[in-house]
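Structure file coords_25.tsv; described as TSV, C-alpha atoms.
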```tsv
chain	number	residue	atom	x	y	z
A	1	MET	CA	101.77	144.46	79.88
A	2	ASN	CA	99.62	141.36	79.35
A	3	THR	CA	98.24	139.49	82.34
A	4	THR	CA	96.22	136.37	83.06
A	5	SER	CA	92.81	136.65	84.69
A	6	ASP	CA	94.40	136.46	88.14
A	7	GLY	CA	96.73	139.38	87.40
A	8	GLU	CA	99.92	137.38	86.83
A	9	ALA	CA	102.25	139.07	84.36
A	10	MET	CA	103.19	137.20	81.16
A	11	ASP	CA	106.06	137.67	78.75
A	12	GLY	CA	105.43	138.34	75.04
A	13	GLN	CA	105.48	134.76	73.80
A	14	GLU	CA	103.44	133.50	76.71
A	15	ALA	CA	100.85	136.22	76.13
A	16	LYS	CA	100.66	135.28	72.46
A	17	ASN	CA	100.12	131.61	73.27
A	18	HIS	CA	97.57	132.54	75.92
A	19	GLN	CA	95.59	134.69	73.47
A	20	GLU	CA	95.59	131.91	70.89
A	21	ALA	CA	94.31	129.43	73.44
A	22	THR	CA	91.54	131.62	74.75
A	23	LYS	CA	90.19	132.13	71.25
A	24	ASP	CA	89.21	128.45	71.23
A	25	GLN	CA	90.83	127.88	67.90
A	26	GLU	CA	90.75	124.36	66.53
A	27	GLY	CA	93.54	122.16	67.79
A	28	THR	CA	94.40	118.51	68.35
A	29	VAL	CA	92.03	116.68	70.69
A	30	LEU	CA	94.18	114.82	73.20
A	31	HIS	CA	91.40	113.52	75.41
A	32	SER	CA	87.61	113.59	75.52
A	33	LEU	CA	85.67	111.71	78.19
A	34	CYS	CA	82.89	112.25	80.73
A	35	GLY	CA	82.03	115.74	79.49
A	36	ARG	CA	85.64	116.99	79.56
A	37	THR	CA	87.85	117.72	76.56
A	38	VAL	CA	91.57	118.49	76.35
A	39	ILE	CA	92.75	120.23	73.16
A	40	ARG	CA	96.37	120.97	72.31
A	41	LEU	CA	97.15	124.39	70.85
A	42	GLY	CA	100.88	124.60	70.27
A	43	ASP	CA	102.69	124.62	73.61
A	44	LEU	CA	99.42	124.94	75.54
A	45	VAL	CA	96.35	122.83	76.17
A	46	VAL	CA	92.79	123.92	76.88
A	47	LYS	CA	90.84	121.68	79.23
A	48	SER	CA	87.13	122.47	79.13
A	49	GLY	CA	83.76	120.99	79.94
A	50	HIS	CA	82.53	119.74	83.31
A	51	LEU	CA	85.44	120.96	85.44
A	52	ARG	CA	85.68	121.15	89.20
A	53	PRO	CA	86.35	124.69	90.44
A	54	GLN	CA	89.36	123.73	92.58
A	55	GLU	CA	91.41	121.92	89.92
A	56	GLY	CA	93.34	124.95	88.64
A	57	GLU	CA	94.13	126.24	92.11
A	58	THR	CA	95.18	122.74	93.15
A	59	LEU	CA	97.76	122.67	90.36
A	60	ARG	CA	99.11	126.03	91.48
A	61	PHE	CA	99.28	124.78	95.07
A	62	ILE	CA	101.26	121.69	94.03
A	63	ILE	CA	103.74	123.73	92.00
A	64	ALA	CA	104.24	126.12	94.93
A	65	ASN	CA	104.76	123.38	97.51
A	66	THR	CA	106.42	120.43	95.75
A	67	THR	CA	108.80	119.55	92.91
A	68	ILE	CA	106.23	117.28	91.21
A	69	HIS	CA	106.09	117.72	87.45
A	70	ILE	CA	102.62	118.95	86.54
A	71	PRO	CA	101.21	121.42	84.01
A	72	LYS	CA	101.56	125.11	84.84
A	73	VAL	CA	98.19	126.89	84.80
A	74	HIS	CA	98.27	130.11	82.78
A	75	ASP	CA	94.61	131.02	83.09
A	76	ILE	CA	91.42	129.86	84.80
A	77	ARG	CA	88.47	130.98	82.70
A	78	TRP	CA	85.09	131.44	84.38
A	79	GLU	CA	81.61	131.69	82.90
A	80	ASP	CA	78.32	132.06	84.78
A	81	GLY	CA	80.06	131.45	88.10
A	82	LYS	CA	81.66	128.17	87.00
A	83	VAL	CA	85.09	127.24	85.71
A	84	ASP	CA	84.72	126.99	81.94
A	85	ALA	CA	88.30	126.15	80.94
A	86	LEU	CA	91.87	125.78	82.16
A	87	ILE	CA	94.73	127.05	79.99
A	88	MET	CA	97.82	125.00	80.84
A	89	ASP	CA	101.21	123.94	79.52
A	90	TYR	CA	101.28	120.98	77.19
A	91	MET	CA	103.16	118.15	78.89
A	92	PRO	CA	104.98	115.71	76.60
A	93	GLY	CA	104.94	111.95	76.99
A	94	LYS	CA	102.78	108.85	76.78
A	95	PRO	CA	100.52	107.54	79.55
A	96	LEU	CA	102.42	105.03	81.63
A	97	ASP	CA	99.92	102.25	80.95
A	98	LYS	CA	100.54	102.66	77.19
A	99	ALA	CA	104.35	102.68	77.50
A	100	TRP	CA	104.83	100.17	80.33
A	101	ASP	CA	105.50	97.10	78.16
A	102	THR	CA	108.34	98.92	76.36
A	103	LEU	CA	110.27	99.59	79.57
A	104	SER	CA	113.08	97.54	81.06
A	105	SER	CA	113.05	96.44	84.70
A	106	SER	CA	115.61	99.11	85.57
A	107	GLN	CA	113.51	101.82	83.89
A	108	LYS	CA	110.41	100.66	85.75
A	109	LEU	CA	112.33	100.76	89.01
A	110	SER	CA	113.63	104.27	88.27
A	111	ILE	CA	110.10	105.48	87.54
A	112	ALA	CA	108.79	103.84	90.72
A	113	ASN	CA	111.49	105.55	92.79
A	114	LYS	CA	110.62	108.94	91.29
A	115	LEU	CA	106.92	108.40	91.94
A	116	TYR	CA	107.72	107.35	95.52
A	117	SER	CA	109.46	110.70	96.04
A	118	TYR	CA	106.45	112.51	94.60
A	119	MET	CA	103.98	110.68	96.84
A	120	LYS	CA	106.23	111.35	99.86
A	121	GLN	CA	106.15	115.08	99.12
A	122	LEU	CA	102.37	115.06	98.84
A	123	ARG	CA	101.92	113.18	102.09
A	124	GLU	CA	104.12	115.66	103.93
A	125	LEU	CA	101.47	118.35	103.26
A	126	LYS	CA	99.38	117.86	106.40
A	127	GLY	CA	95.88	119.09	107.03
A	128	HIS	CA	93.38	119.40	109.85
A	129	TYR	CA	90.17	119.12	107.84
A	130	ILE	CA	89.00	116.79	105.06
A	131	ARG	CA	88.42	118.96	102.04
A	132	ALA	CA	89.65	120.19	98.67
A	133	ILE	CA	91.76	123.31	98.15
A	134	ASN	CA	90.17	126.64	99.15
A	135	TRP	CA	87.72	124.88	101.45
A	136	GLY	CA	86.17	122.92	98.59
A	137	LYS	CA	84.09	119.81	99.16
A	138	ALA	CA	85.49	116.32	99.57
A	139	ILE	CA	84.67	113.85	96.79
A	140	ILE	CA	84.01	110.11	96.73
A	141	GLY	CA	83.68	108.14	93.53
A	142	ARG	CA	84.85	109.21	90.08
A	143	ILE	CA	82.49	108.64	87.15
A	144	ALA	CA	79.35	109.28	89.23
A	145	SER	CA	80.93	111.06	92.18
A	146	ILE	CA	79.27	112.81	95.09
A	147	GLU	CA	80.57	115.72	97.14
A	148	GLY	CA	80.26	116.67	100.79
A	149	GLY	CA	81.88	118.64	103.57
A	150	PRO	CA	84.35	120.09	104.26
A	151	PHE	CA	84.53	117.78	107.29
A	152	ASP	CA	85.98	118.78	110.64
A	153	THR	CA	86.74	115.18	111.61
A	154	GLU	CA	87.34	111.81	109.99
A	155	ALA	CA	84.32	110.49	111.90
A	156	GLN	CA	82.12	112.96	109.97
A	157	PHE	CA	83.77	111.88	106.71
A	158	ASN	CA	83.08	108.24	107.54
A	159	GLU	CA	79.41	109.02	108.12
A	160	PHE	CA	79.36	110.65	104.68
A	161	ILE	CA	80.84	107.49	103.15
A	162	LEU	CA	78.38	105.25	104.98
A	163	GLY	CA	75.53	107.38	103.67
A	164	ASP	CA	76.44	106.25	100.15
A	165	PHE	CA	75.14	102.70	100.67
A	166	VAL	CA	72.70	101.33	98.14
A	167	LYS	CA	69.22	101.43	99.59
A	168	ILE	CA	68.79	97.65	99.44
A	169	ALA	CA	71.95	96.95	101.50
A	170	PRO	CA	70.96	94.81	104.51
A	171	ASP	CA	71.28	96.39	107.95
A	172	MET	CA	73.68	93.60	108.94
A	173	LEU	CA	76.15	94.70	106.23
A	174	ARG	CA	75.78	98.30	107.31
A	175	HIS	CA	76.67	97.24	110.85
A	176	TYR	CA	79.86	95.40	109.85
A	177	THR	CA	80.98	98.12	107.46
A	178	LYS	CA	80.65	100.83	110.10
A	179	PHE	CA	83.16	99.00	112.29
A	180	ALA	CA	85.61	98.64	109.40
A	181	LEU	CA	86.17	102.42	109.31
A	182	MET	CA	88.55	104.05	111.79
A	183	ASP	CA	88.68	107.76	112.58
A	184	ASP	CA	92.19	108.42	113.88
A	185	HIS	CA	94.29	108.83	110.72
A	186	GLU	CA	96.56	111.70	109.83
A	187	ILE	CA	95.07	114.03	107.21
A	188	VAL	CA	97.45	114.37	104.25
A	189	PHE	CA	97.28	115.83	100.77
A	190	THR	CA	96.08	113.18	98.34
A	191	HIS	CA	95.88	112.92	94.55
A	192	SER	CA	92.91	110.52	94.88
A	193	ASP	CA	93.20	109.18	91.31
A	194	PHE	CA	96.79	107.95	91.24
A	195	ALA	CA	96.77	105.54	88.30
A	196	PRO	CA	99.11	104.70	85.38
A	197	ARG	CA	96.79	106.42	82.90
A	198	ASN	CA	97.41	109.72	84.76
A	199	ILE	CA	101.20	109.44	84.69
A	200	LEU	CA	103.11	110.65	81.62
A	201	MET	CA	106.57	109.37	80.76
A	202	GLU	CA	109.11	109.91	78.01
A	203	ALA	CA	112.62	108.51	77.46
A	204	GLY	CA	112.32	106.41	80.61
A	205	ARG	CA	111.42	109.26	82.95
A	206	VAL	CA	108.27	110.76	84.44
A	207	THR	CA	107.24	113.97	82.68
A	208	ALA	CA	103.99	114.75	84.53
A	209	ILE	CA	101.23	113.60	86.82
A	210	LEU	CA	97.84	114.70	85.50
A	211	ASP	CA	94.18	114.93	86.55
A	212	TRP	CA	94.16	116.53	90.00
A	213	GLU	CA	90.43	117.25	90.06
A	214	TYR	CA	89.76	114.85	92.97
A	215	ALA	CA	92.76	115.96	95.02
A	216	GLY	CA	92.60	117.39	98.51
A	217	TRP	CA	93.26	116.59	102.17
A	218	TYR	CA	92.03	113.13	103.07
A	219	PRO	CA	92.76	110.44	105.68
A	220	ALA	CA	96.19	108.86	105.17
A	221	HIS	CA	94.76	105.58	103.89
A	222	TRP	CA	92.72	107.23	101.12
A	223	GLU	CA	95.52	107.38	98.52
A	224	TYR	CA	96.29	103.71	99.09
A	225	CYS	CA	92.69	102.55	98.75
A	226	GLN	CA	92.16	104.53	95.57
A	227	ALA	CA	95.47	103.51	93.96
A	228	LEU	CA	94.90	99.82	94.70
A	229	ARG	CA	91.75	99.98	92.61
A	230	GLN	CA	93.92	100.75	89.56
A	231	LEU	CA	95.96	97.56	89.12
A	232	ARG	CA	95.18	96.83	85.47
A	233	PRO	CA	96.20	96.47	82.64
A	234	MET	CA	99.89	96.01	83.60
A	235	PHE	CA	100.45	92.58	85.15
A	236	ASP	CA	103.50	93.61	87.23
A	237	TRP	CA	102.32	97.11	88.19
A	238	PRO	CA	101.37	95.99	91.74
A	239	GLU	CA	105.01	95.02	92.33
A	240	TYR	CA	106.15	98.56	91.57
A	241	LEU	CA	103.16	100.23	93.22
A	242	ALA	CA	104.31	98.53	96.43
A	243	ARG	CA	107.53	100.54	96.11
A	244	ILE	CA	105.66	103.79	95.47
A	245	LEU	CA	103.17	103.29	98.32
A	246	PRO	CA	104.82	100.75	100.66
A	247	PRO	CA	102.16	98.35	102.01
A	248	LYS	CA	100.23	99.52	105.05
A	249	PHE	CA	96.61	100.34	105.93
A	250	GLU	CA	95.67	96.69	105.29
A	251	ARG	CA	92.57	96.79	107.48
A	252	GLU	CA	91.37	100.00	105.85
A	253	TYR	CA	91.84	98.59	102.35
A	254	ILE	CA	89.87	95.45	103.16
A	255	GLY	CA	87.10	97.52	104.74
A	256	MET	CA	86.91	99.97	101.82
A	257	THR	CA	86.91	97.10	99.31
A	258	PHE	CA	83.98	95.52	101.13
A	259	LEU	CA	82.21	98.87	101.33
A	260	ALA	CA	82.64	99.44	97.58
A	261	ARG	CA	80.48	96.39	96.88
A	262	ILE	CA	77.45	97.96	98.55
A	263	SER	CA	77.99	101.62	97.66
A	264	ARG	CA	76.56	103.56	94.76
A	265	HIS	CA	79.75	105.40	93.76
```
Take the structure in the file and write it out as structure tokens.
Amino acid sequence: MNTTSDGEAMDGQEAKNHQEATKDQEGTVLHSLCGRTVIRLGDLVVKSGHLRPQEGETLRFIIANTTIHIPKVHDIRWEDGKVDALIMDYMPGKPLDKAWDTLSSSQKLSIANKLYSYMKQLRELKGHYIRAINWGKAIIGRIASIEGGPFDTEAQFNEFILGDFVKIAPDMLRHYTKFALMDDHEIVFTHSDFAPRNILMEAGRVTAILDWEYAGWYPAHWEYCQALRQLRPMFDWPEYLARILPPKFEREYIGMTFLARISRH
């Protein structure tokens, strides 16, 4: 019997596809950015490069605990103590930001309602610590991100965020920003990069949510603040985002927006 590296049994066709993928044969490059590459090999994709160790296990956690459409992970390949590649299902569809202008109002509303149900499922996964899966570190920023924790309390997480100020930020701004951060939020599971480019759709329906590398348990406002940074290029996306993540955490959003102006990441 064939198995993946974690001992999970595979059927004959799945084993064949898995073997083809792990040979790193040439395929179609679907995405290449920031040191990460996604190559399609038949019904599978190989994501390789600078990967975070928790991403594969996060996908498995989401499949086990929600009905959200995401790629199934067939193998997590390690090399020199680091994740070298993820072997996953190929998910059909176009990124939502590329297909948005072709959709009718009713299709957009249907997609927004589905995404609302997905976000609701995520936010029902409560936590007691701020961290990634398997006690991984929390992450702030994306392109030039920094990691810290896990954090026992939101107050500790806030201190971590405040430590990311640019060195030339005046003490007066540091003072005001500190009082913009509260420390009494619920801790909920969070995608942390919820943006149209990470949502696939086909025939008017959502086929997958991708890129879970920044996901983990964060304060309840975190998903909102990150998603509200992703309002372009679709002019009416904010109208539908308000259905997916109904407006709240106004004070936190204003504080985090101010903080972003004097932070490095």
message = Could you tell me how far CA of Asp152 in chain A sits from CA of Ile133 in chain A, in Å to one decimal place?
response =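 Calculated distance between CA of Ile133 in chain A and CA of Asp152 in chain A is 14.5 Å.
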Sorted per-residue table, range 136-207 of chain A near range 239-254 of chain A, closest atoms and distance, 8 Å, only C-alpha atoms, as JSON lines:
```
{"residue": "A:Ala180", "atom": "CA", "partner": "A:Glu252", "partner_atom": "CA", "distance": 6.9}
{"residue": "A:Leu181", "atom": "CA", "partner": "A:Glu252", "partner_atom": "CA", "distance": 6.7}
{"residue": "A:Met182", "atom": "CA", "partner": "A:Glu252", "partner_atom": "CA", "distance": 7.7}
```
ask   = A:Asp193, A:Asp89, A:Glu213, A:Glu147: which is nearest Ile70 in chain A, counting only C-alpha atoms?
value =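 Once distances to Ile70 in chain A are computed over only C-alpha atoms, the minimum belongs to A:Asp89.
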task = Calculate how many Å separate CA of Ile161 in chain A from CA of Tyr129 in chain A, rounding to one decimal.
result =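 Value for the CA of Ile161 in chain A-CA of Tyr129 in chain A distance: 15.6 Å.
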I'd like the contact shell of Leu86 in chain A - 9 Å cut-off, all atoms listed in the file, skipping same-chain residues fewer than 6 positions apart - returned as a short mmCIF file (atom, residue, chain, number, x, y, z; two decimals) with C-alpha atoms, keeping the file's coordinate frame.
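So around35.cif came out as:
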```
data_model
loop_
_atom_site.label_atom_id
_atom_site.label_comp_id
_atom_site.auth_asym_id
_atom_site.auth_seq_id
_atom_site.Cartn_x
_atom_site.Cartn_y
_atom_site.Cartn_z
CA VAL A 45 96.35 122.83 76.17
CA VAL A 46 92.79 123.92 76.88
CA LYS A 47 90.84 121.68 79.23
CA SER A 48 87.13 122.47 79.13
CA LEU A 51 85.44 120.96 85.44
CA GLU A 55 91.41 121.92 89.92
CA GLY A 56 93.34 124.95 88.64
CA VAL A 73 98.19 126.89 84.80
CA HIS A 74 98.27 130.11 82.78
CA ASP A 75 94.61 131.02 83.09
CA ILE A 76 91.42 129.86 84.80
CA ARG A 77 88.47 130.98 82.70
#
```
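Residue nearest Gly141 in chain A within the list A:Leu41, A:Leu109, A:Cys225, A:Ile209: A:Cys225 [criterion: smallest interatomic distance, all atoms listed in the file].
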task = Between A:Arg174, A:His185, A:Arg205, A:His221, single out the one closest to Trp100 in chain A, counting all atoms listed in the file.
result =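 Smallest distance to Trp100 in chain A is found for A:Arg205.
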Report, as AutoDock Vina command-line options, the centre and edge lengths in Å (one decimal) of the axis-aligned box enclosing every listed atom of range 191-202 of chain A, padded by 8 Å on each side.
```
--center_x 101.0 --center_y 108.8 --center_z 86.4 --size_x 32.2 --size_y 24.2 --size_z 32.9
```
request  = Scan for residues within 8 Å of the point (86.2, 116.9, 93.2) in the coordinates of the file, using all atoms listed in the file, and reply as JSON, numbers by chain.
outcome  = {"A": [52, 54, 55, 132, 137, 138, 139, 140, 145, 147, 213, 214, 215]}
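Residues lying at most 12 Å from (80.5, 95.8, 107.6) in file coordinates, with only C-alpha atoms considered, are A:Leu162, A:Phe165, A:Ala169, A:Pro170, A:Asp171, A:Met172, A:Leu173, A:Arg174, A:His175, A:Tyr176, A:Thr177, A:Lys178, A:Phe179, A:Ala180, A:Leu181, A:Glu252, A:Ile254, A:Gly255, A:Met256, A:Thr257, A:Phe258, A:Leu259, A:Ala260, A:Arg261, A:Ile262, A:Ser263.
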For the residues selected in the previous step, produce a file with C-alpha atoms as a short mmCIF file (atom, residue, chain, number, x, y, z; two decimals), in the frame of the given file.
```
data_model
loop_
_atom_site.label_atom_id
_atom_site.label_comp_id
_atom_site.auth_asym_id
_atom_site.auth_seq_id
_atom_site.Cartn_x
_atom_site.Cartn_y
_atom_site.Cartn_z
CA LEU A 162 78.38 105.25 104.98
CA PHE A 165 75.14 102.70 100.67
CA ALA A 169 71.95 96.95 101.50
CA PRO A 170 70.96 94.81 104.51
CA ASP A 171 71.28 96.39 107.95
CA MET A 172 73.68 93.60 108.94
CA LEU A 173 76.15 94.70 106.23
CA ARG A 174 75.78 98.30 107.31
CA HIS A 175 76.67 97.24 110.85
CA TYR A 176 79.86 95.40 109.85
CA THR A 177 80.98 98.12 107.46
CA LYS A 178 80.65 100.83 110.10
CA PHE A 179 83.16 99.00 112.29
CA ALA A 180 85.61 98.64 109.40
CA LEU A 181 86.17 102.42 109.31
CA GLU A 252 91.37 100.00 105.85
CA ILE A 254 89.87 95.45 103.16
CA GLY A 255 87.10 97.52 104.74
CA MET A 256 86.91 99.97 101.82
CA THR A 257 86.91 97.10 99.31
CA PHE A 258 83.98 95.52 101.13
CA LEU A 259 82.21 98.87 101.33
CA ALA A 260 82.64 99.44 97.58
CA ARG A 261 80.48 96.39 96.88
CA ILE A 262 77.45 97.96 98.55
CA SER A 263 77.99 101.62 97.66
#
```
task = For range 112-123 of chain A, work out the shell of residues within 10 Å, counting only C-alpha atoms and skipping chain neighbours fewer than 2 positions away, then give it as a count of residues only.
result = 38
ask   = Please, what distance in Å, to one decimal, runs between CA of His128 in chain A and CA of Trp78 in chain A?
value =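 Computing the Euclidean distance for CA of His128 in chain A and CA of Trp78 in chain A yields 29.4 Å.
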task = Using all atoms listed in the file, find the one residue out of A:Gln230, A:His50, A:Asp101, A:Leu96 that sits nearest to Val83 in chain A.
result = A:His50
